[in-house]
Amino acid sequence: MADKLTRILYVEDEPDIQMVARLALEALGGFTVEICSSGDEALQRSPGFNPQLFLLDVMMPGMDGPNTLKMLRALTQFANTPVVFMTAKVQPGEVAGYKELGAVDVIPKPFDPMTLASRVQGIWERCHG
Amino acid sequence: MADPNELQAKLKLLCDAYAAQLPEKLKQLGQVWKQLPQDSWDEEGFQTMHRMVHSLTGSGKTFGFALLSDVARNLEEHLKQLAQAKTALSAQQRRHIHGLISELHQVTLHRDAPVDNQSGLIAAAPLNRGTASSKHIFVVEDDNEQAEELKVQLSYFGYEVSVFSNLTDFRLAMQAKPDVVVLMDINFPEDSRGGVQAIREIQQERNIPIPIVFLTAHNKFDARLEAVRAGSIAYLSKPVEIGSLIDKLDNLTSPQSFTQCRVLIVEDSESLTTYYATALENAGMVVKVVNNPLDVMVPLLEFNPDLILLDIYMPECNGLELAKVIRQLDAFVSIPIVFLSAESDLDKQLFAMGLGGDDFLTKPIQPQHLISSVTNRIQRSLILRSFMVRDSLTGLLNHTAIKDQLALEVARAKRQKTQLAFAMIDIDHFKQINDTYGHPVGDGVIRSLSRLLKQRLRETDMIGRYGGEEFAAILSNADGMAAVEVLDAIRKDFSRFRHLADGKEFFVTFSCGIADISHFTDSTKLGDAADKALYQAKHDGRNQVVLAKVLAPTVSIETSASKNSH
């Protein structure tokens with residue numbers, strides 16, 4: 001069995017979603033969560049926080065989710081760290097596209113705060129099953 | 001682990017904050033929209049608008065505004081299409097977008113009911129909880145005795161049960177992805193939480209999670225939470241109280257659909273009625289359409305709708321007049337009436353409400369909006385009505401209501417020349433049960449029979465609690481013989497049903513009398529005949545079903561009379 005998932009870095013530009021996600025992941029999931037408001041910020045803070053998993057919003061001003069993913073992959077430290085996209089555009093074709101970019105899964109938005117943590121946990125276990 | 005109450009409180013605060021920001025967000029959206037030039041394409045402004053809408057799509061439901069997400073998604077789709085053309089919008093496109101934006105405003109009023117504290121946490125967890133269409137149940141339980149007992153008890157309620165005594169067999173069976181509900185023991189000899197783990201693995205294989213009920217001796221919160229995470233829909237402690245298990249299963253296997261919701265649409269435009277009817281039918285409702293308002297009376301009485309959608313502007317008789325007429329009928333004093341109109345003038349809307357409308361939908365109406373509006377109205381009205389017509393112990397129709405229904409159903413059966421049978425049921429030696437075990441146990445017996453009847457009779461049949469330990473059932477499209485067959489099977493199963501009191505088990509029987517309208521042609525005669533047959537069943541030794549017989553001469557008279565009339 002792989003390491004227990006504890007550190008998650010979540011990149012999301014909307015403050016209200018940030019708050020509810022933090023609550024869902026920390027209080028309900030028991031994870032430690034670092035939240036960044038942009039891809040740039042994520043690139044700066046990731047090496048210090050050393051997340052085991054990234055949650056990336058797809059549509060953000062400036063650097064979007066897919067581009068953030070590319071930049072993260074360029075850092076050797078995160079070359080293989082699982083990345084999950086969060087997006088409101090989930091059509092079957094798109095999901096496949098995101099996975100091709102290297103995401104392990106896609107969580108559709110709007111998410112249910114009550115199940116977000118178990119969903120993330122499930123994805124983690126599948127990655128390390 | 002966080003205290004669930006505290007978590008709920010925090011979540012509610014966040015939702016409240018989101019709700020408070022919504023008006024401002026929509027106002028900004030409206031401003032961006034207004035500032036877009038009408039005669040050219042403004043890429044930047046359009047992108048801004050798209051982003052704002054996208055943000056609503058992705059957040060609304062998270063904060064309890066599911067409809068907002070839906071409408072925003074719809075708007076977003078439109079914007080995407082327009083963004084491909086990159087040309088100035090036509091008047092029609094502008095109108096459409098404008099309509100969707102005003103719909104966004106409307107649906108912000110539509111906040112989902114908050115999940116309540118701890119039980120809500122448990123219940124809210126499965127997002128797309130599967131509803132089982134079949135009545136097939138997999139019991140996974142290593143204790144053979146308990147498993148067999150569950151199988152027997154569940155079979156009385158019409159469930160088909162397969163038992164698995166170990167996880168390996170169960171996993172194997174699940175590979176075929178059967179459409180089942182799983183009752184899973186958590187404890188297995190090989191692993192104390194083996195059941196949860198197995199379910200978790202199986203759920204991951206599925207797009208729609210299978211409904212799971214966990215059975216366990218643990219009653220700790222962390223065990224419950226683990227079960228929730230594995231996608232459970234219920235968590236029952238052992239020994240399992242069969243009644244609450246059946247309630248849970250019933251909820252799953254007969255989802256709260258609106259199969260019984262009946263909507264009458266009165267609208268002169270045939271294309272519009274088709275549009276509305278299709279939307280509502282897709283949502284599982286039964287719809288009847290009337291295109292000429294003057295023809296409304298017969299369908300109104302025969303179809304007996306739960307809600308009426310009325311177009312305001314129709315030739316011959318307008319919707320407002322029609323609402324007044326309908327409201328003057330005793331049976332429809334409280335029926336929800338929703339007006340449909342292109343009228344967006346609030347004064348006129350309010351005037352329409354004063355005349356007996358409950359709601360006012362402005363055309364064009366999005367199907368989603370129509371469905372939610374209609375559903376909400378019906379639900380509220382059904383709840384109110386249920387206080388008046390339902391028996392509080394069993395949820396069955398009360399004495400007055402079932403008698404009223406019998407009159408209505410007999411009239412309908414005669415008009416439509418269909419069969420109808422009426423059954424009266426009385427629990428045998430009920431007083432003894434109360435005297436021996438106490439009233440709470442007696443109430444339990446009454447509930448168990450009511451559940452069994454609900455389970456085994458068809459959805460179209462009506463069941464009432466006639467009094468104390470007496471029940472009545474109206475079986476439409478069934479003659480006496482068919483009704484006898486059905487009720488006798490129920491009688492046999494009920495007599496094998498194990499009741500518990502203070503750890504002791506006991507068995508209960510019932511007697512039943514049945515009459516049908518081919519022999520007893522009005523509701524009073526029918527009721528009397530069923531009652532006499534019930535008395536006969538009691539007299540002949542109880543625990544049996546008796547069909548009311550008519551003396552030969554009466555039959556021949558009625559047959560010849562009906563022949564003459566044709």
# chains A, B, ... in the order shown; residues from 1 in each chain; ligands from 1
call {"tool": "select_by_dssp", "arguments": {"residues": "range 356-540 of chain B", "states": "helix (DSSP H, G or I)", "output": "ChimeraX atom specification"}}
result
/B:367-389,399-416,430-437,439-456,480-496,523-539
call {"tool": "write_last_selection", "arguments": {"atoms": "C-alpha atoms", "output": "compact mmCIF listing (two decimals), in the first residue's frame"}}
result
# COMPACT_ATOMS: atom_id res chain seq x y z
CA PRO B 367 -38.02 22.91 -19.47
CA GLN B 368 -35.87 22.73 -16.35
CA HIS B 369 -37.65 25.69 -14.87
CA LEU B 370 -41.05 24.34 -15.75
CA ILE B 371 -40.26 21.00 -14.17
CA SER B 372 -38.91 22.46 -10.97
CA SER B 373 -41.75 24.89 -10.62
CA VAL B 374 -44.37 22.23 -11.17
CA THR B 375 -42.58 19.72 -8.96
CA ASN B 376 -42.27 22.13 -6.07
CA ARG B 377 -45.90 23.14 -6.25
CA ILE B 378 -47.06 19.56 -6.38
CA GLN B 379 -44.84 18.44 -3.57
CA ARG B 380 -45.98 21.18 -1.29
CA SER B 381 -49.59 20.61 -2.10
CA LEU B 382 -49.21 16.85 -1.67
CA ILE B 383 -47.63 17.35 1.74
CA LEU B 384 -50.46 19.63 2.79
CA ARG B 385 -53.02 17.29 1.40
CA SER B 386 -51.34 14.35 3.07
CA PHE B 387 -51.91 15.94 6.47
CA MET B 388 -55.59 15.92 5.67
CA VAL B 389 -55.94 12.52 4.08
CA HIS B 399 -60.99 6.45 6.60
CA THR B 400 -62.62 9.44 4.92
CA ALA B 401 -60.05 9.62 2.16
CA ILE B 402 -60.27 5.97 1.14
CA LYS B 403 -64.06 6.19 1.11
CA ASP B 404 -63.89 9.29 -1.09
CA GLN B 405 -61.45 7.54 -3.36
CA LEU B 406 -63.68 4.51 -3.60
CA ALA B 407 -66.55 6.69 -4.84
CA LEU B 408 -64.26 8.36 -7.40
CA GLU B 409 -62.75 5.10 -8.57
CA VAL B 410 -66.09 3.34 -8.91
CA ALA B 411 -67.36 6.24 -11.04
CA ARG B 412 -64.26 6.09 -13.17
CA ALA B 413 -64.39 2.33 -13.61
CA LYS B 414 -67.99 2.54 -14.73
CA ARG B 415 -67.25 5.27 -17.24
CA GLN B 416 -64.27 3.44 -18.61
CA PHE B 430 -55.54 -7.83 17.43
CA LYS B 431 -56.78 -6.97 20.90
CA GLN B 432 -54.86 -9.94 22.25
CA ILE B 433 -51.63 -8.63 20.73
CA ASN B 434 -52.14 -5.25 22.35
CA ASP B 435 -53.05 -6.85 25.68
CA THR B 436 -50.14 -9.28 25.65
CA TYR B 437 -47.33 -7.15 24.31
CA HIS B 439 -49.71 -0.93 22.28
CA PRO B 440 -46.32 -0.04 20.77
CA VAL B 441 -45.95 -3.64 19.61
CA GLY B 442 -49.51 -3.57 18.29
CA ASP B 443 -48.66 -0.40 16.35
CA GLY B 444 -45.65 -2.20 14.96
CA VAL B 445 -47.86 -5.00 13.66
CA ILE B 446 -50.16 -2.48 12.00
CA ARG B 447 -47.21 -0.79 10.34
CA SER B 448 -45.80 -4.08 9.13
CA LEU B 449 -49.07 -5.00 7.45
CA SER B 450 -49.38 -1.55 5.92
CA ARG B 451 -45.86 -1.87 4.56
CA LEU B 452 -46.57 -5.27 3.15
CA LEU B 453 -49.71 -4.03 1.42
CA LYS B 454 -47.88 -1.04 -0.04
CA GLN B 455 -45.16 -3.36 -1.22
CA ARG B 456 -47.28 -5.97 -2.80
CA GLY B 480 -62.89 -10.30 -7.59
CA MET B 481 -61.03 -13.48 -8.48
CA ALA B 482 -57.82 -11.65 -9.31
CA ALA B 483 -58.05 -9.65 -6.11
CA VAL B 484 -58.59 -12.83 -4.09
CA GLU B 485 -55.49 -14.34 -5.63
CA VAL B 486 -53.33 -11.33 -4.80
CA LEU B 487 -54.61 -10.88 -1.26
CA ASP B 488 -54.45 -14.53 -0.46
CA ALA B 489 -50.76 -14.57 -1.38
CA ILE B 490 -50.24 -11.56 0.86
CA ARG B 491 -52.20 -13.27 3.63
CA LYS B 492 -50.00 -16.36 3.45
CA ASP B 493 -46.80 -14.34 3.58
CA PHE B 494 -48.04 -12.12 6.38
CA SER B 495 -48.87 -15.17 8.47
CA ARG B 496 -45.24 -16.29 8.15
CA SER B 523 -69.51 2.32 -3.81
CA THR B 524 -71.93 1.86 -0.91
CA LYS B 525 -73.00 -1.59 -2.07
CA LEU B 526 -69.42 -2.52 -2.77
CA GLY B 527 -68.29 -1.43 0.70
CA ASP B 528 -71.14 -3.28 2.40
CA ALA B 529 -70.49 -6.45 0.42
CA ALA B 530 -66.76 -6.45 1.22
CA ASP B 531 -67.60 -5.86 4.86
CA LYS B 532 -70.03 -8.79 4.90
CA ALA B 533 -67.45 -11.02 3.22
CA LEU B 534 -64.93 -9.99 5.86
CA TYR B 535 -67.42 -10.91 8.56
CA GLN B 536 -67.87 -14.26 6.83
CA ALA B 537 -64.10 -14.83 6.79
CA LYS B 538 -63.93 -14.11 10.51
CA HIS B 539 -66.90 -16.33 11.17
call {"tool": "residues_around", "arguments": {"residues": "Arg73 in chain A", "least_positions_apart": "3", "cutoff": "12 Å", "atoms": "only C-alpha atoms", "output": "MDAnalysis selection string"}}
result
chainID A and resid 43 46 54 66:70 76:83 101:103
call {"tool": "closest_residue", "arguments": {"among": "A:Lys109, A:Arg126, A:Arg45, A:Arg119", "to": "chain B", "atoms": "only C-alpha atoms"}}
result
A:Lys109
call {"tool": "residues_around", "arguments": {"residues": "Thr32 in chain A", "least_positions_apart": "4", "cutoff": "9 Å", "atoms": "only C-alpha atoms", "output": "JSON, numbers by chain"}}
result
{"A": [6, 7, 8, 9, 22, 25, 26]}
call {"tool": "interface_residues", "arguments": {"of": "chain A", "to": "chain B", "cutoff": "6 Å", "atoms": "only C-alpha atoms", "output": "MDAnalysis selection string"}}
result
chainID A and resid 27 88 109:112 114:115 118
call {"tool": "write_last_selection", "arguments": {"atoms": "N, CA and C atoms", "output": "PDB file, in the first residue's frame"}}
result
ATOM      1  N   ALA A  27     -11.502  19.581   6.969  1.00  0.00           N
ATOM      2  CA  ALA A  27     -12.342  19.164   8.089  1.00  0.00           C
ATOM      3  C   ALA A  27     -12.926  17.770   7.859  1.00  0.00           C
ATOM      4  N   ALA A  88     -15.983  22.586 -14.828  1.00  0.00           N
ATOM      5  CA  ALA A  88     -17.419  22.545 -15.096  1.00  0.00           C
ATOM      6  C   ALA A  88     -17.703  22.023 -16.488  1.00  0.00           C
ATOM      7  N   LYS A 109     -17.197  20.064 -11.754  1.00  0.00           N
ATOM      8  CA  LYS A 109     -17.752  21.125 -10.933  1.00  0.00           C
ATOM      9  C   LYS A 109     -19.150  21.411 -11.430  1.00  0.00           C
ATOM     10  N   PRO A 110     -20.072  21.805 -10.626  1.00  0.00           N
ATOM     11  CA  PRO A 110     -19.918  22.018  -9.192  1.00  0.00           C
ATOM     12  C   PRO A 110     -19.795  20.701  -8.429  1.00  0.00           C
ATOM     13  N   PHE A 111     -18.885  20.663  -7.474  1.00  0.00           N
ATOM     14  CA  PHE A 111     -18.718  19.432  -6.704  1.00  0.00           C
ATOM     15  C   PHE A 111     -19.592  19.488  -5.461  1.00  0.00           C
ATOM     16  N   ASP A 112     -19.822  18.337  -4.895  1.00  0.00           N
ATOM     17  CA  ASP A 112     -20.567  18.267  -3.645  1.00  0.00           C
ATOM     18  C   ASP A 112     -19.551  18.297  -2.507  1.00  0.00           C
ATOM     19  N   MET A 114     -19.687  17.543   0.424  1.00  0.00           N
ATOM     20  CA  MET A 114     -19.730  16.409   1.339  1.00  0.00           C
ATOM     21  C   MET A 114     -18.976  15.196   0.788  1.00  0.00           C
ATOM     22  N   THR A 115     -18.772  15.143  -0.509  1.00  0.00           N
ATOM     23  CA  THR A 115     -18.132  13.943  -1.045  1.00  0.00           C
ATOM     24  C   THR A 115     -16.781  14.222  -1.685  1.00  0.00           C
ATOM     25  N   SER A 118     -13.833  12.194  -0.141  1.00  0.00           N
ATOM     26  CA  SER A 118     -13.800  10.753  -0.407  1.00  0.00           C
ATOM     27  C   SER A 118     -13.476  10.507  -1.882  1.00  0.00           C
TER      28      SER A 118
END
call {"tool": "residues_around", "arguments": {"residues": "range 297-308 of chain B", "least_positions_apart": "4", "cutoff": "6 Å", "atoms": "only C-alpha atoms", "output": "ChimeraX atom specification"}}
result
/B:262-265,335-337
call {"tool": "closest_residue", "arguments": {"among": "B:Leu393, B:Leu420, B:Ala472, B:Asp16", "to": "Val20 in chain A", "atoms": "only C-alpha atoms"}}
result
B:Asp16
call {"tool": "atom_distance", "arguments": {"atom1": "CA of Ile97 in chain B", "atom2": "CA of Leu26 in chain B"}}
result
13.5 Å
call {"tool": "residues_around", "arguments": {"residues": "Val196 in chain B", "least_positions_apart": "3", "cutoff": "12 Å", "atoms": "only C-alpha atoms", "output": "NGL selection string"}}
result
:B and (140 or 167 or 182-188 or 191-193 or 199-203 or 212-216 or 223-232 or 235)
call {"tool": "residues_around", "arguments": {"residues": "Ala117 in chain A", "least_positions_apart": "6", "cutoff": "7 Å", "atoms": "only C-alpha atoms", "output": "list in words"}}
result
Ala24, Leu25, Leu28 and Gly29 of chain A
call {"tool": "atom_distance", "arguments": {"atom1": "CA of Leu23 in chain A", "atom2": "CA of Asn74 in chain B"}}
result
28.8 Å
call {"tool": "closest_residue", "arguments": {"among": "B:Ala515, B:Leu329, B:Leu89, B:Leu67", "to": "Leu36 in chain B", "atoms": "only C-alpha atoms"}}
result
B:Leu89
call {"tool": "closest_residue", "arguments": {"among": "B:Gln146, B:Thr87, B:Val266, B:Lys177", "to": "Asp39 in chain B", "atoms": "only C-alpha atoms"}}
result
B:Thr87
call {"tool": "residues_around", "arguments": {"residues": "Thr273 in chain B", "least_positions_apart": "5", "cutoff": "12 Å", "atoms": "only C-alpha atoms", "output": "number ranges by chain"}}
result
B: 263-268, 278-281, 287-292, 309-311, 340, 365, 367
call {"tool": "write_last_selection", "arguments": {"atoms": "N, CA and C atoms", "output": "short mmCIF file (atom, residue, chain, number, x, y, z; two decimals), in the first residue's frame"}}
result
data_model
loop_
_atom_site.label_atom_id
_atom_site.label_comp_id
_atom_site.auth_asym_id
_atom_site.auth_seq_id
_atom_site.Cartn_x
_atom_site.Cartn_y
_atom_site.Cartn_z
N VAL B 263 -50.39 16.16 -14.20
CA VAL B 263 -50.48 17.57 -14.57
C VAL B 263 -51.44 17.73 -15.74
N LEU B 264 -52.39 18.63 -15.58
CA LEU B 264 -53.31 18.95 -16.67
C LEU B 264 -52.87 20.26 -17.30
N ILE B 265 -52.64 20.24 -18.60
CA ILE B 265 -52.21 21.46 -19.29
C ILE B 265 -53.37 22.00 -20.13
N VAL B 266 -53.74 23.23 -19.90
CA VAL B 266 -54.77 23.85 -20.73
C VAL B 266 -54.12 24.99 -21.48
N GLU B 267 -53.99 24.82 -22.76
CA GLU B 267 -53.23 25.78 -23.59
C GLU B 267 -53.68 25.58 -25.02
N ASP B 268 -53.99 26.68 -25.72
CA ASP B 268 -54.56 26.51 -27.06
C ASP B 268 -53.51 26.18 -28.12
N THR B 278 -43.89 17.13 -23.17
CA THR B 278 -42.70 16.30 -23.31
C THR B 278 -41.75 16.54 -22.14
N ALA B 279 -41.56 17.82 -21.81
CA ALA B 279 -40.65 18.14 -20.70
C ALA B 279 -41.12 17.47 -19.42
N LEU B 280 -42.40 17.58 -19.13
CA LEU B 280 -42.91 17.03 -17.87
C LEU B 280 -42.92 15.51 -17.89
N GLU B 281 -43.26 14.96 -19.04
CA GLU B 281 -43.27 13.49 -19.14
C GLU B 281 -41.87 12.94 -18.97
N VAL B 287 -49.17 13.43 -17.95
CA VAL B 287 -49.68 14.69 -18.45
C VAL B 287 -50.91 14.49 -19.31
N LYS B 288 -51.88 15.37 -19.12
CA LYS B 288 -53.07 15.34 -19.97
C LYS B 288 -53.21 16.74 -20.55
N VAL B 289 -53.50 16.80 -21.83
CA VAL B 289 -53.54 18.08 -22.51
C VAL B 289 -54.95 18.42 -22.94
N VAL B 290 -55.36 19.65 -22.72
CA VAL B 290 -56.63 20.14 -23.25
C VAL B 290 -56.33 21.38 -24.06
N ASN B 291 -56.68 21.37 -25.36
CA ASN B 291 -56.39 22.53 -26.19
C ASN B 291 -57.53 23.53 -26.25
N ASN B 292 -58.72 23.07 -25.96
CA ASN B 292 -59.84 23.99 -25.92
C ASN B 292 -60.34 24.13 -24.48
N LEU B 309 -51.75 23.55 -15.29
CA LEU B 309 -51.03 24.62 -15.97
C LEU B 309 -52.02 25.29 -16.90
N LEU B 310 -52.19 26.59 -16.73
CA LEU B 310 -53.21 27.30 -17.50
C LEU B 310 -52.59 28.40 -18.32
N ASP B 311 -52.86 28.39 -19.59
CA ASP B 311 -52.44 29.53 -20.41
C ASP B 311 -53.39 30.68 -20.10
N LEU B 340 -49.47 30.26 -17.31
CA LEU B 340 -48.41 30.39 -18.30
C LEU B 340 -48.75 31.60 -19.15
N ILE B 365 -40.47 29.40 -21.50
CA ILE B 365 -40.11 28.73 -20.26
C ILE B 365 -39.12 27.62 -20.56
N PRO B 367 -37.45 24.15 -20.01
CA PRO B 367 -38.02 22.91 -19.47
C PRO B 367 -37.64 22.69 -18.01
#
call {"tool": "select_by_dssp", "arguments": {"residues": "chain A", "states": "strand (DSSP E)", "output": "count of residues only"}}
result
24
call {"tool": "atom_distance", "arguments": {"atom1": "CA of Ile242 in chain B", "atom2": "CA of Pro211 in chain B"}}
result
17.6 Å
